[in-house]
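> Quick one: structure below, then a few questions.
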Amino acid sequence: MHLIMSHILETQIAEIKEFILQQTVLKKEMLNVKELAIYAGISTSYIYKLTCSRSIPYHKPATKLLYFKKSEVDEWLLQNRHPSKSELSNVPLPKRSK
């Protein structure tokens, strides 16, 4: 019984720590790779792949250190928007020429 309660407490503490980390990330303007992974919900390896291909904007003030401006990341995340079906149904079809 004591072992089960200890495990439950450890799990809850880990969840609280993760929540606090997420809240801290939300308040920052510049993010490191680990923080960006939390913020964007992608893996750190994928972030490195994106930076290597220069697909995501980043800042590199010193060797091996990568930083990401949250507003630039937001713009990057919101690019290539695809309209919903309802938006597409409201677009008038082009008239055919006779």
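The way I read the labels, and the way they are meant: chains A, B, ... in the order of the structure tokens, residue 1 as the first residue of every chain, and ligand 1 as the first ligand shown, with later ones counted on from there.
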Which polymer residues have any atom within 12 Å of an atom of Lys28 in chain A, counting only C-alpha atoms, with same-chain residues fewer than 5 positions away left out, as number ranges by chain?
A: 21-23, 35-36, 39, 67-71
> Filtering to N, CA and C atoms, could you give me those residues as an mmCIF file, in the first residue's frame?

```cif
data_model
loop_
_atom_site.group_PDB
_atom_site.id
_atom_site.type_symbol
_atom_site.label_atom_id
_atom_site.label_comp_id
_atom_site.auth_asym_id
_atom_site.auth_seq_id
_atom_site.Cartn_x
_atom_site.Cartn_y
_atom_site.Cartn_z
ATOM 1 N N LEU A 21 6.902 23.759 -16.017
ATOM 2 C CA LEU A 21 7.830 23.987 -17.131
ATOM 3 C C LEU A 21 7.089 24.537 -18.345
ATOM 4 N N GLN A 22 5.929 23.970 -18.657
ATOM 5 C CA GLN A 22 5.134 24.444 -19.793
ATOM 6 C C GLN A 22 4.701 25.890 -19.585
ATOM 7 N N GLN A 23 4.285 26.230 -18.384
ATOM 8 C CA GLN A 23 3.860 27.600 -18.095
ATOM 9 C C GLN A 23 5.034 28.569 -18.205
ATOM 10 N N GLU A 35 12.905 23.836 -25.018
ATOM 11 C CA GLU A 35 11.688 24.620 -24.771
ATOM 12 C C GLU A 35 10.818 24.695 -26.021
ATOM 13 N N LEU A 36 11.458 24.815 -27.187
ATOM 14 C CA LEU A 36 10.688 24.832 -28.438
ATOM 15 C C LEU A 36 9.972 23.503 -28.650
ATOM 16 N N TYR A 39 6.977 23.700 -26.514
ATOM 17 C CA TYR A 39 6.042 24.714 -27.018
ATOM 18 C C TYR A 39 5.318 24.248 -28.290
ATOM 19 N N TYR A 67 18.618 29.418 -30.558
ATOM 20 C CA TYR A 67 17.485 30.066 -29.901
ATOM 21 C C TYR A 67 16.445 30.409 -30.940
ATOM 22 N N PHE A 68 15.195 30.415 -30.501
ATOM 23 C CA PHE A 68 14.074 30.653 -31.384
ATOM 24 C C PHE A 68 13.189 31.738 -30.789
ATOM 25 N N LYS A 69 12.897 32.758 -31.584
ATOM 26 C CA LYS A 69 12.012 33.824 -31.133
ATOM 27 C C LYS A 69 10.583 33.312 -31.268
ATOM 28 N N LYS A 70 9.843 33.360 -30.177
ATOM 29 C CA LYS A 70 8.509 32.753 -30.157
ATOM 30 C C LYS A 70 7.590 33.339 -31.229
ATOM 31 N N SER A 71 7.650 34.653 -31.466
ATOM 32 C CA SER A 71 6.781 35.258 -32.481
ATOM 33 C C SER A 71 7.137 34.742 -33.878
#
```
> Considering only helix (DSSP H, G or I) as DSSP defines it on the backbone, what residues of chain A qualify? List them as number ranges by chain.
A: 2-27, 33-40, 44-52, 70-77, 85-89
> So, with only C-alpha atoms as the atoms that count, which of A:Ser45, A:Ser55, A:Thr11, A:Thr63 lies closest to Val33 in chain A?
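Of A:Ser45, A:Ser55, A:Thr11, A:Thr63, the one nearest Val33 in chain A, counting only C-alpha atoms, is A:Ser45.
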